[in-house]
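For reference, run_2.txt (compact mmCIF, N, CA and C atoms):
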```txt
# COMPACT_ATOMS: atom_id res chain seq x y z
N MET A 8 29.33 15.03 34.44
CA MET A 8 30.10 16.17 34.01
C MET A 8 31.33 15.74 33.21
N ASP A 9 31.87 14.56 33.53
CA ASP A 9 33.04 14.08 32.81
C ASP A 9 32.73 13.80 31.34
N ASN A 10 31.52 13.30 31.07
CA ASN A 10 31.15 13.02 29.68
C ASN A 10 31.08 14.29 28.85
N ILE A 11 30.54 15.33 29.43
CA ILE A 11 30.44 16.61 28.72
C ILE A 11 31.84 17.15 28.44
N MET A 12 32.72 17.03 29.39
CA MET A 12 34.09 17.50 29.20
C MET A 12 34.80 16.68 28.11
N MET A 13 34.53 15.38 28.11
CA MET A 13 35.17 14.53 27.11
C MET A 13 34.67 14.89 25.71
N ILE A 14 33.37 15.09 25.56
CA ILE A 14 32.82 15.46 24.26
C ILE A 14 33.35 16.82 23.83
N ARG A 15 33.42 17.75 24.74
CA ARG A 15 33.96 19.08 24.44
C ARG A 15 35.42 18.95 23.98
N HIS A 16 36.18 18.12 24.66
CA HIS A 16 37.59 17.91 24.28
C HIS A 16 37.67 17.30 22.89
N LEU A 17 36.85 16.29 22.62
CA LEU A 17 36.85 15.66 21.30
C LEU A 17 36.46 16.67 20.22
N TRP A 18 35.48 17.50 20.51
CA TRP A 18 35.03 18.50 19.54
C TRP A 18 36.14 19.50 19.22
N GLN A 19 36.89 19.88 20.23
CA GLN A 19 37.95 20.85 20.02
C GLN A 19 39.17 20.26 19.32
N HIS A 20 39.50 19.00 19.61
CA HIS A 20 40.75 18.43 19.11
C HIS A 20 40.57 17.39 18.00
N ASN A 21 39.41 16.81 17.89
CA ASN A 21 39.17 15.75 16.89
C ASN A 21 37.81 15.93 16.22
N ARG A 22 37.55 17.12 15.77
CA ARG A 22 36.22 17.43 15.23
C ARG A 22 35.85 16.52 14.06
N ALA A 23 36.76 16.31 13.12
CA ALA A 23 36.46 15.47 11.95
C ALA A 23 36.13 14.04 12.36
N ALA A 24 36.90 13.51 13.28
CA ALA A 24 36.65 12.14 13.74
C ALA A 24 35.31 12.04 14.46
N LEU A 25 34.97 13.03 15.25
CA LEU A 25 33.70 13.03 15.97
C LEU A 25 32.53 13.13 15.00
N ILE A 26 32.65 13.96 13.98
CA ILE A 26 31.60 14.08 12.97
C ILE A 26 31.46 12.77 12.19
N ALA A 27 32.59 12.17 11.81
CA ALA A 27 32.55 10.89 11.09
C ALA A 27 31.90 9.81 11.95
N PHE A 28 32.21 9.81 13.23
CA PHE A 28 31.62 8.83 14.14
C PHE A 28 30.11 9.04 14.25
N ALA A 29 29.68 10.29 14.35
CA ALA A 29 28.25 10.59 14.44
C ALA A 29 27.51 10.15 13.18
N ILE A 30 28.12 10.40 12.03
CA ILE A 30 27.52 9.98 10.76
C ILE A 30 27.42 8.45 10.70
N ALA A 31 28.47 7.78 11.16
CA ALA A 31 28.47 6.32 11.16
C ALA A 31 27.38 5.77 12.08
N VAL A 32 27.18 6.38 13.23
CA VAL A 32 26.14 5.93 14.16
C VAL A 32 24.75 6.14 13.55
N VAL A 33 24.54 7.29 12.93
CA VAL A 33 23.24 7.57 12.29
C VAL A 33 22.99 6.56 11.16
N ALA A 34 24.00 6.28 10.34
CA ALA A 34 23.86 5.31 9.25
C ALA A 34 23.57 3.92 9.81
N LEU A 35 24.26 3.54 10.86
CA LEU A 35 24.03 2.24 11.50
C LEU A 35 22.59 2.14 11.99
N LEU A 36 22.10 3.16 12.63
CA LEU A 36 20.73 3.15 13.13
C LEU A 36 19.72 3.08 11.99
N TYR A 37 19.95 3.87 10.95
CA TYR A 37 19.03 3.88 9.81
C TYR A 37 18.97 2.51 9.13
N PHE A 38 20.14 1.98 8.75
CA PHE A 38 20.15 0.70 8.04
C PHE A 38 19.74 -0.45 8.96
N GLY A 39 20.05 -0.35 10.22
CA GLY A 39 19.60 -1.37 11.17
C GLY A 39 18.09 -1.39 11.27
N PHE A 40 17.48 -0.20 11.34
CA PHE A 40 16.02 -0.12 11.39
C PHE A 40 15.41 -0.67 10.10
N GLN A 41 15.98 -0.30 8.95
CA GLN A 41 15.46 -0.79 7.68
C GLN A 41 15.52 -2.32 7.61
N THR A 42 16.63 -2.88 8.02
CA THR A 42 16.79 -4.33 8.00
C THR A 42 15.80 -5.01 8.93
N LEU A 43 15.67 -4.49 10.12
CA LEU A 43 14.75 -5.07 11.09
C LEU A 43 13.32 -4.97 10.62
N SER A 44 12.92 -3.82 10.09
CA SER A 44 11.54 -3.67 9.64
C SER A 44 11.23 -4.59 8.45
N GLN A 45 12.19 -4.74 7.52
CA GLN A 45 11.99 -5.65 6.39
C GLN A 45 11.88 -7.10 6.87
N ALA A 46 12.73 -7.48 7.80
CA ALA A 46 12.70 -8.85 8.32
C ALA A 46 11.37 -9.13 9.01
N LEU A 47 10.91 -8.20 9.81
CA LEU A 47 9.63 -8.40 10.50
C LEU A 47 8.47 -8.45 9.51
N TYR A 48 8.49 -7.59 8.51
CA TYR A 48 7.41 -7.55 7.53
C TYR A 48 7.32 -8.86 6.76
N TRP A 49 8.46 -9.33 6.22
CA TRP A 49 8.42 -10.51 5.36
C TRP A 49 8.33 -11.81 6.14
N ASN A 50 8.60 -11.80 7.44
CA ASN A 50 8.42 -13.01 8.24
C ASN A 50 7.00 -13.16 8.77
N ASP A 51 6.17 -12.16 8.57
CA ASP A 51 4.76 -12.24 8.94
C ASP A 51 4.05 -13.16 7.95
N PRO A 52 3.42 -14.24 8.42
CA PRO A 52 2.75 -15.16 7.50
C PRO A 52 1.69 -14.50 6.61
N ALA A 53 1.15 -13.39 7.03
CA ALA A 53 0.15 -12.70 6.21
C ALA A 53 0.74 -12.14 4.92
N HIS A 54 2.06 -12.00 4.86
CA HIS A 54 2.70 -11.44 3.67
C HIS A 54 3.33 -12.51 2.78
N ARG A 55 3.15 -13.76 3.12
CA ARG A 55 3.71 -14.84 2.31
C ARG A 55 2.68 -15.35 1.32
N ASP A 56 3.10 -15.57 0.10
CA ASP A 56 2.24 -16.11 -0.95
C ASP A 56 0.91 -15.36 -1.05
N GLN A 57 0.98 -14.05 -1.05
CA GLN A 57 -0.23 -13.24 -1.15
C GLN A 57 -0.86 -13.34 -2.52
N ALA A 58 -2.17 -13.26 -2.55
CA ALA A 58 -2.86 -13.17 -3.83
C ALA A 58 -2.43 -11.87 -4.50
N LEU A 59 -2.27 -11.92 -5.81
CA LEU A 59 -1.80 -10.75 -6.53
C LEU A 59 -2.81 -9.62 -6.48
N ALA A 60 -2.30 -8.41 -6.39
CA ALA A 60 -3.12 -7.20 -6.44
C ALA A 60 -2.47 -6.25 -7.44
N GLY A 61 -3.27 -5.39 -8.00
CA GLY A 61 -2.78 -4.49 -9.05
C GLY A 61 -1.66 -3.57 -8.63
N TRP A 62 -1.60 -3.19 -7.37
CA TRP A 62 -0.58 -2.26 -6.90
C TRP A 62 0.78 -2.91 -6.72
N MET A 63 0.82 -4.24 -6.68
CA MET A 63 2.08 -4.95 -6.41
C MET A 63 3.06 -4.76 -7.57
N THR A 64 4.34 -4.85 -7.24
CA THR A 64 5.39 -4.82 -8.25
C THR A 64 5.99 -6.22 -8.36
N PRO A 65 6.74 -6.50 -9.43
CA PRO A 65 7.39 -7.80 -9.53
C PRO A 65 8.29 -8.10 -8.33
N ARG A 66 8.97 -7.09 -7.82
CA ARG A 66 9.84 -7.32 -6.66
C ARG A 66 9.03 -7.74 -5.44
N TYR A 67 7.88 -7.11 -5.25
CA TYR A 67 7.02 -7.47 -4.13
C TYR A 67 6.56 -8.93 -4.27
N VAL A 68 6.19 -9.31 -5.48
CA VAL A 68 5.76 -10.69 -5.74
C VAL A 68 6.91 -11.66 -5.42
N ALA A 69 8.11 -11.32 -5.86
CA ALA A 69 9.27 -12.17 -5.59
C ALA A 69 9.52 -12.32 -4.09
N GLN A 70 9.37 -11.23 -3.35
CA GLN A 70 9.57 -11.28 -1.90
C GLN A 70 8.47 -12.11 -1.23
N SER A 71 7.24 -11.91 -1.66
CA SER A 71 6.12 -12.60 -1.05
C SER A 71 6.19 -14.10 -1.27
N TYR A 72 6.57 -14.50 -2.48
CA TYR A 72 6.63 -15.93 -2.82
C TYR A 72 8.00 -16.54 -2.58
N HIS A 73 8.97 -15.73 -2.21
CA HIS A 73 10.35 -16.19 -1.99
C HIS A 73 10.87 -16.93 -3.22
N ILE A 74 10.80 -16.24 -4.36
CA ILE A 74 11.26 -16.83 -5.61
C ILE A 74 12.29 -15.93 -6.28
N PRO A 75 13.23 -16.55 -7.02
CA PRO A 75 14.24 -15.75 -7.72
C PRO A 75 13.67 -15.17 -9.02
N PRO A 76 14.36 -14.20 -9.59
CA PRO A 76 13.86 -13.55 -10.82
C PRO A 76 13.60 -14.52 -11.97
N GLU A 77 14.42 -15.54 -12.11
CA GLU A 77 14.23 -16.45 -13.24
C GLU A 77 12.90 -17.20 -13.17
N VAL A 78 12.25 -17.18 -12.02
CA VAL A 78 10.94 -17.82 -11.88
C VAL A 78 9.82 -16.85 -12.25
N PHE A 79 9.86 -15.63 -11.71
CA PHE A 79 8.73 -14.72 -11.93
C PHE A 79 8.82 -13.89 -13.21
N VAL A 80 10.02 -13.67 -13.73
CA VAL A 80 10.17 -12.82 -14.92
C VAL A 80 9.39 -13.39 -16.11
N PRO A 81 9.55 -14.67 -16.47
CA PRO A 81 8.76 -15.18 -17.60
C PRO A 81 7.26 -15.24 -17.28
N ALA A 82 6.91 -15.54 -16.04
CA ALA A 82 5.50 -15.64 -15.67
C ALA A 82 4.78 -14.30 -15.78
N LEU A 83 5.52 -13.21 -15.63
CA LEU A 83 4.92 -11.87 -15.72
C LEU A 83 5.19 -11.19 -17.06
N PHE A 84 5.60 -11.98 -18.06
CA PHE A 84 5.85 -11.46 -19.41
C PHE A 84 6.94 -10.40 -19.45
N LEU A 85 7.89 -10.47 -18.55
CA LEU A 85 8.95 -9.45 -18.50
C LEU A 85 10.15 -9.90 -19.31
N ASN A 86 10.93 -8.96 -19.77
CA ASN A 86 12.15 -9.23 -20.50
C ASN A 86 13.25 -9.55 -19.49
N PRO A 87 13.85 -10.73 -19.56
CA PRO A 87 14.88 -11.09 -18.58
C PRO A 87 16.11 -10.18 -18.63
N ALA A 88 16.33 -9.51 -19.75
CA ALA A 88 17.51 -8.66 -19.89
C ALA A 88 17.32 -7.30 -19.21
N GLN A 89 16.08 -6.95 -18.88
CA GLN A 89 15.80 -5.65 -18.27
C GLN A 89 15.26 -5.84 -16.86
N LYS A 90 15.58 -4.89 -16.00
CA LYS A 90 15.00 -4.90 -14.66
C LYS A 90 13.55 -4.40 -14.75
N PRO A 91 12.65 -4.94 -13.91
CA PRO A 91 11.23 -4.56 -14.00
C PRO A 91 10.94 -3.10 -13.68
N ARG A 92 11.74 -2.42 -12.89
CA ARG A 92 11.60 -0.99 -12.62
C ARG A 92 10.25 -0.58 -12.02
N ARG A 93 9.86 -1.19 -10.97
CA ARG A 93 8.67 -0.78 -10.20
C ARG A 93 7.40 -0.66 -11.02
N LYS A 94 7.27 -1.47 -12.01
CA LYS A 94 6.05 -1.48 -12.81
C LYS A 94 4.99 -2.25 -12.04
N SER A 95 3.79 -1.73 -11.97
CA SER A 95 2.73 -2.40 -11.22
C SER A 95 2.20 -3.60 -12.03
N LEU A 96 1.59 -4.52 -11.32
CA LEU A 96 1.00 -5.67 -11.99
C LEU A 96 -0.17 -5.25 -12.88
N ASP A 97 -0.89 -4.20 -12.49
CA ASP A 97 -1.95 -3.67 -13.35
C ASP A 97 -1.38 -3.25 -14.70
N ALA A 98 -0.26 -2.53 -14.68
CA ALA A 98 0.37 -2.08 -15.92
C ALA A 98 0.87 -3.26 -16.74
N ILE A 99 1.45 -4.25 -16.08
CA ILE A 99 1.95 -5.44 -16.78
C ILE A 99 0.79 -6.19 -17.43
N ALA A 100 -0.30 -6.36 -16.69
CA ALA A 100 -1.48 -7.06 -17.22
C ALA A 100 -2.05 -6.31 -18.43
N LYS A 101 -2.16 -5.00 -18.30
CA LYS A 101 -2.72 -4.19 -19.39
C LYS A 101 -1.84 -4.28 -20.64
N GLU A 102 -0.51 -4.19 -20.46
CA GLU A 102 0.42 -4.26 -21.60
C GLU A 102 0.33 -5.58 -22.34
N ASN A 103 0.00 -6.65 -21.60
CA ASN A 103 -0.01 -7.98 -22.20
C ASN A 103 -1.41 -8.50 -22.49
N GLY A 104 -2.42 -7.69 -22.25
CA GLY A 104 -3.80 -8.08 -22.56
C GLY A 104 -4.33 -9.24 -21.73
N VAL A 105 -3.91 -9.29 -20.48
CA VAL A 105 -4.40 -10.34 -19.58
C VAL A 105 -4.98 -9.70 -18.32
N THR A 106 -5.60 -10.52 -17.50
CA THR A 106 -6.15 -10.03 -16.24
C THR A 106 -5.20 -10.41 -15.10
N LEU A 107 -5.46 -9.84 -13.93
CA LEU A 107 -4.67 -10.22 -12.75
C LEU A 107 -4.87 -11.70 -12.42
N ASP A 108 -6.05 -12.21 -12.68
CA ASP A 108 -6.30 -13.64 -12.44
C ASP A 108 -5.41 -14.50 -13.34
N ASP A 109 -5.23 -14.07 -14.59
CA ASP A 109 -4.33 -14.80 -15.50
C ASP A 109 -2.90 -14.76 -14.98
N LEU A 110 -2.48 -13.59 -14.49
CA LEU A 110 -1.13 -13.48 -13.92
C LEU A 110 -1.00 -14.37 -12.68
N GLN A 111 -2.06 -14.43 -11.88
CA GLN A 111 -2.02 -15.27 -10.68
C GLN A 111 -1.84 -16.73 -11.06
N VAL A 112 -2.55 -17.18 -12.08
CA VAL A 112 -2.42 -18.56 -12.55
C VAL A 112 -0.99 -18.83 -13.02
N ARG A 113 -0.42 -17.89 -13.77
CA ARG A 113 0.94 -18.06 -14.28
C ARG A 113 1.96 -18.08 -13.13
N ILE A 114 1.80 -17.18 -12.16
CA ILE A 114 2.71 -17.15 -11.01
C ILE A 114 2.57 -18.44 -10.20
N ASP A 115 1.34 -18.87 -9.93
CA ASP A 115 1.13 -20.09 -9.15
C ASP A 115 1.78 -21.29 -9.82
N ALA A 116 1.63 -21.39 -11.14
CA ALA A 116 2.23 -22.51 -11.88
C ALA A 116 3.76 -22.45 -11.82
N ALA A 117 4.31 -21.25 -12.02
CA ALA A 117 5.77 -21.10 -12.00
C ALA A 117 6.33 -21.41 -10.60
N VAL A 118 5.65 -20.93 -9.57
CA VAL A 118 6.12 -21.16 -8.20
C VAL A 118 6.02 -22.64 -7.85
N THR A 119 4.93 -23.28 -8.23
CA THR A 119 4.76 -24.72 -7.96
C THR A 119 5.85 -25.53 -8.65
N ASP A 120 6.11 -25.23 -9.93
CA ASP A 120 7.16 -25.93 -10.66
C ASP A 120 8.52 -25.72 -9.99
N TRP A 121 8.81 -24.48 -9.61
CA TRP A 121 10.10 -24.17 -8.99
C TRP A 121 10.26 -24.88 -7.65
N ARG A 122 9.21 -24.84 -6.83
CA ARG A 122 9.29 -25.50 -5.53
C ARG A 122 9.38 -27.01 -5.66
N ASN A 123 8.67 -27.59 -6.64
CA ASN A 123 8.79 -29.04 -6.86
C ASN A 123 10.20 -29.40 -7.32
N ALA A 124 10.80 -28.56 -8.16
CA ALA A 124 12.18 -28.80 -8.59
C ALA A 124 13.15 -28.74 -7.41
N LEU A 125 12.91 -27.83 -6.47
CA LEU A 125 13.75 -27.76 -5.26
C LEU A 125 13.64 -29.03 -4.43
N VAL A 126 12.43 -29.52 -4.29
CA VAL A 126 12.20 -30.74 -3.51
C VAL A 126 12.91 -31.92 -4.19
N GLU A 127 12.83 -31.98 -5.50
CA GLU A 127 13.49 -33.06 -6.26
C GLU A 127 15.01 -33.00 -6.10
N ARG A 128 15.56 -31.80 -6.11
CA ARG A 128 17.00 -31.66 -5.95
C ARG A 128 17.47 -32.07 -4.56
N GLU A 129 16.62 -31.87 -3.57
CA GLU A 129 16.99 -32.21 -2.20
C GLU A 129 16.96 -33.70 -1.93
N ARG A 130 16.28 -34.46 -2.78
CA ARG A 130 16.20 -35.92 -2.58
C ARG A 130 17.46 -36.61 -2.95
```
Let me see the file written as structure tokens.
Amino acid sequence: MDNIMMIRHLWQHNRAALIAFAIAVVALLYFGFQTLSQALYWNDPAHRDQALAGWMTPRYVAQSYHIPPEVFVPALFLNPAQKPRRKSLDAIAKENGVTLDDLQVRIDAAVTDWRNALVERER
């Protein structure tokens, strides 16, 4: 009963603060869930270095292969000055007259070169 009285008191005397607190809690829960779900998804080995599929976007490829934009942008024929904007790999392949297999070869080569360069830097 004390909790109900306390909430009633806060509502009557500090309504703005109580609303702001409620909004903050909802935002915390939302962004916390988003962060947790993304972490669980990308830490699943089934989502690492996936074979390319037409529905994938450049961002998905970057997440799957754990590569920065400077690695995948040239491999996917993208303009480095522009953001890819959720363009599917099917659309990218069609625009450039290549197949998904050709894109896979280009991504694999770029990723291998980038990872080998990382290993060399660590030595």
Counting all atoms listed in the file, the option among A:Asp108, A:Ile114, A:His20, A:Phe28 closest to A:Val78: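 Ranking A:Asp108, A:Ile114, A:His20, A:Phe28 by distance to A:Val78, first place goes to A:Ile114.
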Return as lines of an AutoDock Vina configuration file the box centre and box size in Å, one decimal, for an axis-aligned box around all listed atoms of stretch 66-74 of chain A padded by 8 Å per side.
```
center_x = 9.0
center_y = -12.0
center_z = -4.4
size_x = 22.5
size_y = 25.8
size_z = 22.8
```
Could you list, as a list in words, every residue within 8 Å of A:Asp115, counting all atoms listed in the file and ignoring same-chain residues fewer than 6 positions away?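 What passes the distance filter is Ala82, Asp109 and Trp121 of chain A.
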Which residue gives the smallest distance to A:Trp62 among A:Leu107, A:Leu96, A:Ala31, A:Leu36, with all atoms listed in the file counted?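 Of A:Leu107, A:Leu96, A:Ala31, A:Leu36, the one nearest A:Trp62, counting all atoms listed in the file, is A:Leu96.
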If you count all atoms listed in the file, which residues fall within 8 Å of stretch 79-81 of chain A, apart from same-chain ones fewer than 6 positions away, as a list in words?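 The contact residues come out as Pro65, Val68, Ala69, Pro87, Arg113, Ile114, Ala117 and Val118 of chain A.
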Taken to one decimal, the atom CA of A:Pro75-atom CA of A:Arg92 distance is 15.8 Å
Close residues, A:Asn103 itself excluded, 9 Å, only C-alpha atoms, min 4 positions apart in chain, as a JSON list (two decimals) with N, CA and C atoms, in the coordinates of the input:
```json
[["chain", "number", "residue", "atom", "x", "y", "z"],
["A", 84, "PHE", "N", 5.60, -11.98, -18.06],
["A", 84, "PHE", "CA", 5.85, -11.46, -19.41],
["A", 84, "PHE", "C", 6.94, -10.40, -19.45],
["A", 98, "ALA", "N", -0.26, -2.53, -14.68],
["A", 98, "ALA", "CA", 0.37, -2.08, -15.92],
["A", 98, "ALA", "C", 0.87, -3.26, -16.74],
["A", 99, "ILE", "N", 1.45, -4.25, -16.08],
["A", 99, "ILE", "CA", 1.95, -5.44, -16.78],
["A", 99, "ILE", "C", 0.79, -6.19, -17.43]]
```
Can you work out the spacing between atom CA of A:Gln41 and atom CA of A:Ser71 in Å, to one decimal?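 Atom-to-atom, atom CA of A:Gln41 and atom CA of A:Ser71 are spaced 17.4 Å apart.
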Hey, can you check how far atom C of A:Asp9 sits from atom N of A:Asn21?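 Between these atoms lies a distance of 15.3 Å.
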